[in-house]
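Chemist: Pasting structure10.txt here (compact mmCIF, C-alpha atoms):
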# COMPACT_ATOMS: atom_id res chain seq x y z
CA MET A 380 -12.68 -11.43 -9.37
CA VAL A 381 -13.59 -15.08 -9.24
CA PHE A 382 -14.53 -16.36 -5.79
CA SER A 383 -14.51 -20.06 -5.06
CA ARG A 384 -14.41 -22.27 -2.02
CA ILE A 385 -11.60 -24.64 -2.77
CA LEU A 386 -9.59 -26.84 -0.49
CA ARG A 387 -6.20 -26.15 -1.99
CA ILE A 388 -4.21 -23.56 -3.88
CA THR A 389 -4.22 -24.27 -7.61
CA ARG A 390 -1.38 -22.89 -9.70
CA ASN A 391 -0.53 -22.77 -13.36
CA SER A 392 1.33 -20.46 -15.68
CA SER A 393 -1.57 -18.10 -16.24
CA CYS A 394 -3.62 -18.07 -13.03
CA TRP A 395 -3.13 -17.72 -9.33
CA PHE A 396 -6.00 -19.00 -7.20
CA LEU A 397 -5.86 -18.19 -3.51
CA SER A 398 -8.05 -20.50 -1.50
CA HIS A 399 -11.09 -19.21 0.35
CA ARG A 400 -10.73 -21.33 3.46
CA PRO A 401 -9.94 -20.99 7.18
CA SER A 402 -6.78 -18.97 7.60
CA PRO A 403 -4.87 -17.84 10.70
CA TYR A 404 -3.62 -14.71 8.98
CA GLY A 405 -6.45 -12.27 9.61
CA LEU A 406 -8.86 -10.10 7.64
CA LEU A 407 -8.91 -9.48 3.93
CA LEU A 408 -11.69 -7.76 2.00
CA SER A 409 -12.61 -7.88 -1.61
CA ILE A 410 -15.22 -6.84 -4.16
CA ASN A 411 -16.81 -9.26 -6.59
CA SER A 412 -16.11 -7.97 -10.07
CA HIS A 413 -19.72 -8.72 -11.02
CA SER A 414 -21.10 -6.52 -8.27
CA SER A 415 -20.16 -3.24 -6.61
CA THR A 416 -21.18 -4.61 -3.20
CA PRO A 417 -18.18 -5.19 -0.93
CA LYS A 418 -17.82 -8.66 0.54
CA VAL A 419 -16.25 -8.76 3.99
CA PHE A 420 -14.76 -12.07 4.99
CA ASN A 421 -14.30 -12.76 8.66
CA HIS A 422 -10.94 -13.01 10.34
CA ARG A 423 -10.61 -16.72 9.52
CA GLU A 424 -11.20 -16.50 5.79
CA THR A 425 -9.23 -15.26 2.83
CA TYR A 426 -10.16 -14.78 -0.82
CA SER A 427 -9.40 -16.24 -4.21
CA TRP A 428 -8.48 -14.63 -7.48
CA THR A 429 -7.35 -15.23 -11.02
CA VAL A 430 -4.82 -13.20 -12.94
CA PRO A 431 -5.51 -12.43 -16.62
CA SER A 432 -2.83 -10.87 -18.76
CA PHE A 433 -1.15 -7.60 -17.85
CA HIS A 434 -2.26 -6.00 -21.13
CA VAL A 435 -5.93 -6.78 -20.44
CA PHE A 436 -5.75 -4.98 -17.11
CA LYS A 437 -3.85 -2.06 -18.61
CA HIS A 438 -6.59 -1.69 -21.23
CA GLN A 439 -9.34 -1.93 -18.60
CA ILE A 440 -7.74 0.71 -16.40
CA HIS A 441 -7.27 3.08 -19.34
CA HIS A 442 -10.85 2.54 -20.50
CA GLN A 443 -12.32 3.17 -17.05
CA SER A 444 -10.08 6.16 -16.47
CA SER A 445 -10.89 7.84 -19.78
CA SER A 446 -14.61 7.54 -19.12
CA LEU A 447 -14.37 10.32 -16.52
CA VAL A 448 -12.17 13.01 -18.03
CA GLU A 449 -10.42 12.91 -21.37
CA GLU A 450 -7.27 14.93 -20.73
CA GLN A 451 -4.29 13.38 -18.99
CA LEU A 452 -3.97 14.49 -15.37
CA ASP A 453 -0.97 14.72 -13.10
CA PRO A 454 -2.40 13.49 -9.78
CA PHE A 455 0.39 15.08 -7.76
CA SER A 456 -0.08 18.53 -9.31
CA LEU A 457 -3.77 18.58 -8.33
CA VAL A 458 -2.84 18.68 -4.65
CA ALA A 459 0.60 20.33 -4.90
CA ASP A 460 -0.38 23.38 -2.85
CA GLU A 461 -1.88 21.26 -0.08
CA LEU A 462 1.15 18.96 -0.10
CA SER A 463 3.40 21.98 0.55
CA LEU A 464 1.12 23.05 3.38
CA LEU A 465 1.21 19.55 4.86
CA ALA A 466 4.99 19.35 4.55
CA ASN A 467 5.44 22.58 6.49
CA ARG A 468 2.95 21.47 9.13
CA LEU A 469 4.63 18.09 9.52
CA ARG A 470 8.01 19.72 10.09
CA SER A 471 6.48 21.83 12.87
CA MET A 472 4.67 18.83 14.39
CA VAL A 473 7.85 16.81 14.92
CA ILE A 474 9.79 19.42 16.87
CA ALA A 475 10.83 17.91 20.19
CA GLU A 476 12.11 19.36 23.46
CA VAL A 477 15.43 17.57 23.02
CA PRO A 478 17.34 18.92 19.98
CA LYS A 479 18.80 15.57 18.96
CA LEU A 480 15.35 13.97 18.99
CA SER A 481 14.04 16.83 16.85
CA SER A 482 16.84 16.32 14.35
CA ALA A 483 16.13 12.61 14.20
CA ALA A 484 12.35 12.95 13.97
CA GLU A 485 12.50 15.48 11.15
CA TYR A 486 15.20 13.56 9.25
CA PHE A 487 12.86 12.38 6.50
CA PHE A 488 10.60 15.45 6.57
CA LYS A 489 13.32 17.87 5.47
CA MET A 490 13.12 19.48 2.05
CA GLY A 491 14.56 17.21 -0.61
CA VAL A 492 14.28 13.94 1.32
CA GLN A 493 10.56 13.85 2.14
CA GLY A 494 9.99 11.17 -0.49
CA LYS A 495 7.27 11.00 -3.12
CA ARG A 496 4.55 11.88 -0.56
CA PHE A 497 2.50 9.22 -2.30
CA ARG A 498 0.18 8.49 0.63
CA PRO A 499 -0.76 12.12 1.38
CA THR A 500 -1.47 12.59 -2.34
CA VAL A 501 -3.82 9.61 -2.40
CA LEU A 502 -5.62 10.78 0.73
CA LEU A 503 -6.08 14.38 -0.40
CA LEU A 504 -7.44 13.19 -3.75
CA MET A 505 -9.72 10.75 -1.94
CA ALA A 506 -10.98 13.58 0.25
CA THR A 507 -12.15 15.53 -2.80
CA ALA A 508 -13.41 12.39 -4.52
CA LEU A 509 -15.68 11.52 -1.57
CA ASN A 510 -16.86 14.93 -0.42
CA VAL A 511 -19.91 14.79 -2.68
CA ARG A 512 -22.39 15.14 0.13
CA ILE A 513 -20.71 18.24 1.54
CA LEU A 514 -20.21 19.82 -1.89
CA GLU A 515 -23.80 19.17 -2.98
CA THR A 516 -25.57 20.10 0.25
CA ALA A 517 -23.50 22.97 1.60
CA THR A 518 -24.95 26.33 0.71
CA ALA A 519 -22.97 29.36 -0.31
CA SER A 520 -23.46 30.76 3.17
CA SER A 521 -20.63 31.17 5.63
CA VAL A 522 -21.99 28.15 7.54
CA GLY A 523 -21.60 25.93 4.48
CA ASP A 524 -18.11 27.26 3.79
CA SER A 525 -17.15 26.71 7.42
CA LEU A 526 -18.34 23.09 7.33
CA THR A 527 -16.39 22.39 4.16
CA THR A 528 -13.21 24.03 5.50
CA GLU A 529 -13.42 22.19 8.83
CA LEU A 530 -13.89 18.84 7.08
CA ARG A 531 -10.95 19.45 4.78
CA GLU A 532 -8.69 20.32 7.71
CA ARG A 533 -9.70 17.11 9.49
CA GLN A 534 -8.99 15.10 6.38
CA GLN A 535 -5.64 16.82 6.01
CA SER A 536 -4.90 15.66 9.54
CA ILE A 537 -5.45 12.07 8.41
CA ALA A 538 -2.86 12.63 5.66
CA GLU A 539 -0.39 14.01 8.21
CA ILE A 540 -1.03 11.18 10.68
CA THR A 541 -0.61 8.60 7.94
CA GLU A 542 2.71 10.06 6.85
CA MET A 543 4.02 10.11 10.42
CA ILE A 544 3.05 6.46 10.93
CA HIS A 545 4.66 5.57 7.59
CA VAL A 546 7.96 7.33 8.36
CA ALA A 547 8.01 5.80 11.87
CA SER A 548 7.67 2.36 10.29
CA LEU A 549 10.58 3.13 7.93
CA LEU A 550 12.81 4.13 10.84
CA HIS A 551 11.99 0.95 12.73
CA ASP A 552 12.34 -1.23 9.61
CA ASP A 553 15.79 0.18 8.86
CA VAL A 554 16.94 -0.78 12.33
CA LEU A 555 15.56 -4.31 11.97
CA ASP A 556 17.09 -4.67 8.49
CA ASP A 557 20.38 -2.99 9.42
CA ALA A 558 19.87 -0.76 6.37
CA ASP A 559 22.45 1.88 5.48
CA THR A 560 20.52 3.93 2.88
CA ARG A 561 17.00 5.30 2.56
CA ARG A 562 15.65 7.76 -0.02
CA GLY A 563 19.08 8.12 -1.51
CA ILE A 564 20.81 9.22 1.69
CA GLY A 565 22.27 7.50 4.72
CA SER A 566 19.60 5.84 6.84
CA LEU A 567 18.96 7.39 10.24
CA ASN A 568 20.25 4.33 12.06
CA LEU A 569 23.53 4.65 10.15
CA VAL A 570 23.82 8.37 10.87
CA MET A 571 22.59 8.52 14.47
CA GLY A 572 22.54 4.91 15.65
CA ASN A 573 19.87 2.33 16.33
CA LYS A 574 18.77 3.68 19.71
CA VAL A 575 18.04 7.17 18.43
CA SER A 576 16.28 5.73 15.37
CA VAL A 577 13.95 3.60 17.50
CA LEU A 578 13.19 6.53 19.78
CA ALA A 579 12.56 8.83 16.80
CA GLY A 580 10.09 6.31 15.38
CA ASP A 581 8.36 6.06 18.76
CA PHE A 582 8.22 9.84 18.98
CA LEU A 583 6.56 10.09 15.56
CA LEU A 584 3.98 7.49 16.58
CA SER A 585 3.25 9.43 19.76
CA ARG A 586 2.74 12.64 17.78
CA ALA A 587 0.47 10.77 15.40
CA CYS A 588 -1.56 9.55 18.38
CA VAL A 589 -1.97 13.09 19.71
CA ALA A 590 -3.15 14.33 16.32
CA LEU A 591 -5.49 11.35 16.01
CA ALA A 592 -7.03 11.97 19.43
CA SER A 593 -7.75 15.60 18.49
CA LEU A 594 -10.15 14.39 15.78
CA LYS A 595 -12.46 13.05 18.53
CA ASN A 596 -13.75 10.23 16.32
CA THR A 597 -13.48 6.85 18.04
CA GLU A 598 -14.02 4.84 14.85
CA VAL A 599 -11.20 6.66 13.07
CA VAL A 600 -8.95 6.28 16.12
CA SER A 601 -9.67 2.54 16.13
CA LEU A 602 -8.87 2.23 12.42
CA LEU A 603 -5.47 3.91 12.67
CA ALA A 604 -4.60 2.12 15.91
CA THR A 605 -5.27 -1.16 14.10
CA VAL A 606 -2.83 -0.06 11.39
CA VAL A 607 -0.02 0.19 13.94
CA GLU A 608 -0.91 -3.29 15.19
CA HIS A 609 -0.83 -4.57 11.60
CA LEU A 610 2.61 -3.04 11.00
CA VAL A 611 3.98 -4.88 14.01
CA THR A 612 2.18 -8.11 13.08
CA GLY A 613 3.47 -8.01 9.50
CA GLU A 614 7.05 -7.39 10.56
CA THR A 615 6.82 -10.22 13.10
CA MET A 616 5.39 -12.55 10.44
CA GLN A 617 8.38 -11.74 8.26
CA MET A 618 10.91 -12.31 11.04
CA THR A 619 9.46 -15.53 12.45
CA SER A 620 8.16 -17.37 9.39
CA THR A 621 8.73 -21.10 9.02
CA SER A 622 10.10 -22.65 5.85
CA GLU A 623 6.58 -23.52 4.71
CA GLN A 624 5.29 -20.02 5.40
CA ARG A 625 8.17 -18.35 3.55
CA CYS A 626 7.22 -20.35 0.45
CA SER A 627 3.48 -19.65 0.70
CA MET A 628 1.93 -17.01 -1.56
CA GLU A 629 -1.04 -16.78 0.79
CA TYR A 630 1.23 -16.01 3.72
CA TYR A 631 3.20 -13.51 1.63
CA MET A 632 0.06 -11.63 0.55
CA GLN A 633 -1.30 -11.45 4.08
CA LYS A 634 2.04 -10.16 5.36
CA THR A 635 2.11 -7.61 2.52
CA TYR A 636 -1.35 -6.39 3.45
CA TYR A 637 -0.26 -5.87 7.06
CA LYS A 638 3.08 -4.23 6.25
CA THR A 639 2.04 -2.03 3.33
CA ALA A 640 -1.62 -1.99 2.34
CA SER A 641 -3.29 -1.71 5.74
CA LEU A 642 -2.05 1.85 6.29
CA ILE A 643 -3.34 3.31 3.03
CA SER A 644 -6.58 1.27 3.02
CA ASN A 645 -7.62 2.20 6.55
CA SER A 646 -6.57 5.81 6.02
CA CYS A 647 -8.75 6.00 2.90
CA LYS A 648 -11.62 4.58 4.92
CA ALA A 649 -10.99 7.18 7.64
CA ILE A 650 -11.28 9.93 5.02
CA ALA A 651 -14.69 8.55 4.04
CA LEU A 652 -15.89 8.27 7.63
CA LEU A 653 -14.95 11.87 8.41
CA ALA A 654 -16.96 12.94 5.35
CA GLY A 655 -20.04 11.17 6.75
CA GLN A 656 -20.17 8.72 3.88
CA THR A 657 -22.17 5.49 3.91
CA THR A 658 -20.71 2.16 4.94
CA GLU A 659 -20.70 1.05 1.30
CA VAL A 660 -18.74 4.10 0.15
CA ALA A 661 -16.32 3.75 3.07
CA MET A 662 -15.69 0.15 2.05
CA LEU A 663 -15.05 1.21 -1.55
CA ALA A 664 -12.47 3.69 -0.26
CA PHE A 665 -10.92 0.92 1.82
CA GLU A 666 -10.88 -1.42 -1.17
CA TYR A 667 -9.15 1.18 -3.32
CA GLY A 668 -6.42 1.71 -0.75
CA LYS A 669 -5.96 -2.01 -0.11
CA ASN A 670 -5.54 -2.93 -3.76
CA LEU A 671 -3.40 0.11 -4.57
CA GLY A 672 -1.15 -0.76 -1.62
CA LEU A 673 -0.80 -4.38 -2.72
CA ALA A 674 -0.03 -3.33 -6.30
CA TYR A 675 2.55 -0.84 -5.03
CA GLN A 676 4.37 -3.46 -2.97
CA LEU A 677 4.30 -6.05 -5.75
CA ILE A 678 6.01 -3.58 -8.08
CA ASP A 679 8.48 -2.76 -5.30
CA ASP A 680 9.29 -6.46 -5.19
CA VAL A 681 9.90 -6.46 -8.96
CA LEU A 682 12.08 -3.35 -8.78
CA ASP A 683 14.21 -4.95 -6.07
CA PHE A 684 15.39 -7.30 -8.83
CA THR A 685 15.26 -5.02 -11.88
CA GLY A 686 16.09 -1.56 -10.49
CA THR A 687 19.39 0.03 -9.57
CA SER A 688 20.46 1.32 -6.19
CA ALA A 689 20.50 4.87 -7.58
CA SER A 690 16.93 4.70 -8.87
CA LEU A 691 15.54 2.99 -5.77
CA GLY A 692 17.28 5.18 -3.20
CA LYS A 693 18.34 1.99 -1.41
CA GLY A 694 20.31 -1.12 -2.26
CA SER A 695 18.95 -3.39 -4.99
CA LEU A 696 18.47 -7.10 -4.19
CA SER A 697 17.83 -5.88 -0.67
CA ASP A 698 15.09 -8.39 0.15
CA ILE A 699 16.80 -11.53 -1.04
CA ARG A 700 20.05 -10.55 0.68
CA HIS A 701 18.04 -10.33 3.91
CA GLY A 702 16.51 -13.74 3.29
CA ILE A 703 13.09 -12.33 2.40
CA VAL A 704 11.20 -14.32 -0.22
CA THR A 705 8.90 -12.16 -2.36
CA ALA A 706 6.41 -12.71 -5.17
CA PRO A 707 8.87 -13.02 -8.11
CA ILE A 708 10.76 -15.82 -6.35
CA LEU A 709 7.51 -17.51 -5.27
CA PHE A 710 6.23 -17.52 -8.84
CA ALA A 711 9.61 -18.74 -10.12
CA MET A 712 9.48 -21.59 -7.61
CA GLU A 713 6.18 -22.77 -9.13
CA GLU A 714 7.98 -23.28 -12.45
CA PHE A 715 11.20 -24.59 -10.92
CA PRO A 716 10.44 -26.50 -7.70
CA GLN A 717 14.16 -27.15 -7.23
CA LEU A 718 14.47 -23.45 -6.29
CA ARG A 719 12.93 -24.46 -2.96
CA SER A 720 16.18 -26.12 -1.88
CA ALA A 721 18.11 -22.86 -2.40
CA ILE A 722 15.50 -21.02 -0.33
CA ASP A 723 15.69 -23.60 2.45
CA ARG A 724 19.49 -23.39 2.53
CA GLY A 725 19.18 -19.66 3.14
CA PHE A 726 20.46 -16.60 1.31
CA ASP A 727 23.38 -15.87 3.58
CA LYS A 728 25.62 -17.63 1.06
CA PRO A 729 26.21 -15.90 -2.30
CA GLU A 730 25.90 -19.17 -4.25
CA ASN A 731 22.32 -19.62 -3.03
CA ILE A 732 21.43 -16.08 -4.11
CA ASP A 733 23.03 -16.73 -7.49
CA ALA A 734 21.04 -19.95 -7.87
CA ALA A 735 17.79 -18.16 -7.02
CA LEU A 736 18.52 -15.37 -9.48
CA ASP A 737 19.36 -17.89 -12.17
CA TYR A 738 16.01 -19.65 -11.75
CA LEU A 739 14.22 -16.31 -11.61
CA GLY A 740 15.83 -15.26 -14.89
CA LYS A 741 14.61 -18.41 -16.62
CA SER A 742 11.09 -18.13 -15.19
CA ARG A 743 8.09 -15.86 -15.67
CA GLY A 744 8.34 -14.75 -12.06
CA ILE A 745 8.82 -11.06 -12.86
CA GLN A 746 6.07 -11.04 -15.48
CA ARG A 747 3.58 -12.85 -13.28
CA THR A 748 4.26 -10.47 -10.41
CA ARG A 749 3.56 -7.55 -12.73
CA GLU A 750 0.34 -9.27 -13.83
CA LEU A 751 -0.74 -9.71 -10.22
CA ALA A 752 0.05 -6.04 -9.53
CA ALA A 753 -2.02 -5.06 -12.59
CA LYS A 754 -4.91 -7.15 -11.31
CA HIS A 755 -4.90 -5.31 -8.00
CA ALA A 756 -4.54 -1.95 -9.77
CA ASN A 757 -7.62 -2.80 -11.80
CA LEU A 758 -9.57 -3.69 -8.65
CA ALA A 759 -8.56 -0.32 -7.17
CA ALA A 760 -9.80 1.48 -10.31
CA THR A 761 -13.06 -0.50 -10.17
CA ALA A 762 -13.64 0.68 -6.59
CA ILE A 763 -13.35 4.33 -7.65
CA ASN A 764 -15.63 3.82 -10.65
CA SER A 765 -18.20 2.22 -8.32
CA LEU A 766 -18.60 5.39 -6.25
CA PRO A 767 -21.95 7.24 -6.49
CA GLU A 768 -22.19 9.37 -9.61
CA THR A 769 -21.71 13.13 -9.43
CA ASP A 770 -21.74 16.07 -11.81
CA ASP A 771 -19.20 18.06 -9.76
CA GLU A 772 -16.17 18.56 -12.00
CA GLU A 773 -13.64 18.76 -9.14
CA VAL A 774 -14.89 15.51 -7.69
CA ARG A 775 -14.76 13.82 -11.09
CA LYS A 776 -11.25 15.12 -11.71
CA SER A 777 -10.01 13.75 -8.39
CA ARG A 778 -11.57 10.39 -9.11
CA ARG A 779 -9.87 10.32 -12.49
CA ALA A 780 -6.58 11.14 -10.80
CA LEU A 781 -7.05 8.25 -8.35
CA VAL A 782 -7.66 5.90 -11.28
CA ASP A 783 -4.61 7.31 -13.08
CA LEU A 784 -2.53 6.63 -9.98
CA THR A 785 -3.23 2.92 -10.34
CA GLN A 786 -1.53 3.02 -13.73
CA ILE A 787 1.35 5.14 -12.43
CA VAL A 788 1.96 2.61 -9.64
CA ILE A 789 2.31 -0.39 -11.95
CA THR A 790 4.40 1.35 -14.64
CA ARG A 791 6.91 3.13 -12.37
CA ASN A 792 10.59 2.25 -12.42
CA LYS A 793 11.60 3.62 -9.04
Would you mind writing the file's structure down as structure tokens?
Modeler:
Amino acid sequence: MVFSRILRITRNSSCWFLSHRPSPYGLLLSINSHSSTPKVFNHRETYSWTVPSFHVFKHQIHHQSSSLVEEQLDPFSLVADELSLLANRLRSMVIAEVPKLSSAAEYFFKMGVQGKRFRPTVLLLMATALNVRILETATASSVGDSLTTELRERQQSIAEITEMIHVASLLHDDVLDDADTRRGIGSLNLVMGNKVSVLAGDFLLSRACVALASLKNTEVVSLLATVVEHLVTGETMQMTSTSEQRCSMEYYMQKTYYKTASLISNSCKAIALLAGQTTEVAMLAFEYGKNLGLAYQLIDDVLDFTGTSASLGKGSLSDIRHGIVTAPILFAMEEFPQLRSAIDRGFDKPENIDAALDYLGKSRGIQRTRELAAKHANLAATAINSLPETDDEEVRKSRRALVDLTQIVITRNK
């Protein structure tokens, strides 16, 4: 990553430089590619980057990944048994006194509609990837086994809490967006109404808070509480943005961090803190989650234009129909400034959407968004490869799986 203090945002067809200057949009962290030491910018600063070609990043990720374990891994299969355990536990955790609230709260935890369980997979893999100290210092005695089991259960709780917060945010988002599908089925607000959906989301957040409190770790509680604040902040930024803010890549990336990447980044950091890891390792875990989350959302933005409703489990062109300007359109606007007028007129009229799609089709907006996603995927892989070395095969395998996930995220089609 190239850091520079510049007074403006410089754009061209091959690079995106985000200025490192006072910003009202909060905290972002990054790692200099020439050093494994995390750099934490204060709440009034952001960071800058450049975007090389997608193929360069793809090669770098593959090279780093293959340096750990040669055979191809399926990250999800490595934690399949634990994912089943977590799924059963989540269904029991969201049972409410009122039957209708129970039905609403468990709507997206039922078998077949629980989603990809991407976040729990990342967190369980991160737990193994970071538990070096426990694995290397615990003896074969029952005390050592007990410590390892207790830690794993606490880290599993983080995965459960994260999934409850995530699903709660989906329920609330669907109400705000007036969505009618989610995960290939009718959205909860369509099936049970907005009021029940809001209450179900609130109920899930309350259950997440109870589980979080039981960990008795104030730093972890603070991290996950901040995530909820970020979710609200990001949604509010999206709803109340000015014309200038809607057309700002800096504003878009900050909003994306709040709405998507904050949850997985802070949850990864919580996994590290529970394992008693150093501040540096905890920041590497955070950096992995942040960049993976940003890459994930950037590809989501691409798929909103290139995917089908069937493959996405929700309507395609969903964002633009709701007046939300995402990375592909922002990049297209750099090549065709006249697109700005269509954005300013609003996307409530079909002709403005058609005009935006026409400019997007003629631009490199989709390609440049994929390149930016690949850049963040590479930064996530770099964070994992910067972790302290270990000879433990299970730890190495989990780290390889985390690196492989970065490639899965940027090559997915749904």
Chemist: Of the residues A:Phe487, A:Val589, A:Asp733, A:Val681, which is the one nearest to A:Arg561, using all atoms listed in the file?
Modeler: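 Closest residue, counting all atoms listed in the file: A:Phe487.
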Chemist: Please measure the separation of atom CA of A:Lys495 and atom CA of A:Leu739, giving the value in Å to one decimal.
Modeler: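 Interatomic distance, atom CA of A:Lys495 to atom CA of A:Leu739: 29.4 Å.
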Chemist: Distance atom CA of A:Arg778-atom CA of A:Leu602, one decimal place?
Modeler: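 Going from atom CA of A:Arg778 over to atom CA of A:Leu602, I get 23.2 Å.
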Chemist: Contacts of A:Thr615 at 10 Å or less, counting all atoms listed in the file, minus same-chain residues fewer than 5 places along, as a list in words?
Modeler: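 My reading of the contact set: His609, Leu610, Ser620, Lys634 and Lys638 of chain A.
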Chemist: A:Leu457, A:Ala592, A:Leu569, A:Leu549: which is nearest A:Met505, counting only C-alpha atoms?
Modeler: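 Answer, going by the shortest atom-to-atom distance: A:Leu457.
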Chemist: Please determine, counting all atoms listed in the file, which residue among A:Tyr675, A:Tyr738, A:Phe488, A:Phe455 has the shortest atom-to-atom distance to A:Ser777.
Modeler: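 Result for the nearest residue to A:Ser777: A:Phe455.
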Chemist: Please indicate the distance in Å from atom CA of A:Leu663 to atom CA of A:Ala762, rounded to one decimal place.
Modeler: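 Value for the atom CA of A:Leu663-atom CA of A:Ala762 distance: 5.3 Å.
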Chemist: Neighbouring residues of A:Thr639 were defined as those with any atom within 10 Å, considering all atoms listed in the file; residues of the same chain fewer than 5 positions away were excluded. Please report them as a list in words.
Modeler: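 Those residues are His545, Ser548, Val606, His609, Leu610, Gly613, Lys634, Ser644, Lys669, Leu671, Gly672, Leu673, Ala674, Tyr675 and Gln676 of chain A.
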Chemist: Identify which of the residues A:Met662, A:Ser627, A:Asp783, A:Asn731 lies closest to A:Glu713, counting all atoms listed in the file when measuring atom-to-atom distances.
Modeler: A:Ser627
Chemist: Near stretch 550-560 of chain A, counting only C-alpha atoms, which residues have an atom at most 12 Å away, once you skip same-chain residues fewer than 2 positions from it, shown as a PyMOL selection string?
Modeler: chain A and resi 483-487+492+543-548+562-584+610-611+613-615+617-618+638+688-689+691-695+697-703
Chemist: Which one is closest to A:Ser742: A:Glu714, A:Val788, A:Glu608, A:Leu452? Count all atoms listed in the file.
Modeler: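 When distances to A:Ser742 are compared using all atoms listed in the file, the smallest one comes from A:Glu714.
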Chemist: Padding 6 Å on every side, please: axis-aligned box over the listed atoms of stretch 472-489 of chain A, centre and edge lengths to one decimal in Å, as JSON.
Modeler:
{"center_x": 11.7, "center_y": 15.9, "center_z": 14.5, "size_x": 26.1, "size_y": 19.0, "size_z": 30.0}
Chemist: Hey, what's within 12 Å of A:Ala459 if we count all atoms listed in the file and toss same-chain stuff fewer than 5 positions away? As a PDB file with C-alpha atoms, keeping the file's coordinate frame, please?
Modeler:
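Once written, part_19.pdb looks like this:
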ATOM      1  CA  ASP A 453      -0.970  14.720 -13.100  1.00  0.00           C
ATOM      2  CA  PRO A 454      -2.400  13.490  -9.780  1.00  0.00           C
ATOM      3  CA  LEU A 464       1.120  23.050   3.380  1.00  0.00           C
ATOM      4  CA  LEU A 465       1.210  19.550   4.860  1.00  0.00           C
ATOM      5  CA  ALA A 466       4.990  19.350   4.550  1.00  0.00           C
ATOM      6  CA  LYS A 495       7.270  11.000  -3.120  1.00  0.00           C
ATOM      7  CA  ARG A 496       4.550  11.880  -0.560  1.00  0.00           C
ATOM      8  CA  PHE A 497       2.500   9.220  -2.300  1.00  0.00           C
ATOM      9  CA  PRO A 499      -0.760  12.120   1.380  1.00  0.00           C
ATOM     10  CA  THR A 500      -1.470  12.590  -2.340  1.00  0.00           C
ATOM     11  CA  VAL A 501      -3.820   9.610  -2.400  1.00  0.00           C
ATOM     12  CA  LEU A 503      -6.080  14.380  -0.400  1.00  0.00           C
ATOM     13  CA  LEU A 504      -7.440  13.190  -3.750  1.00  0.00           C
TER      14      LEU A 504
END
Chemist: Between A:Arg719, A:Arg531, A:Arg625, A:Arg779, which is the closest to A:Ala651 once you count all atoms listed in the file?
Modeler: A:Arg531
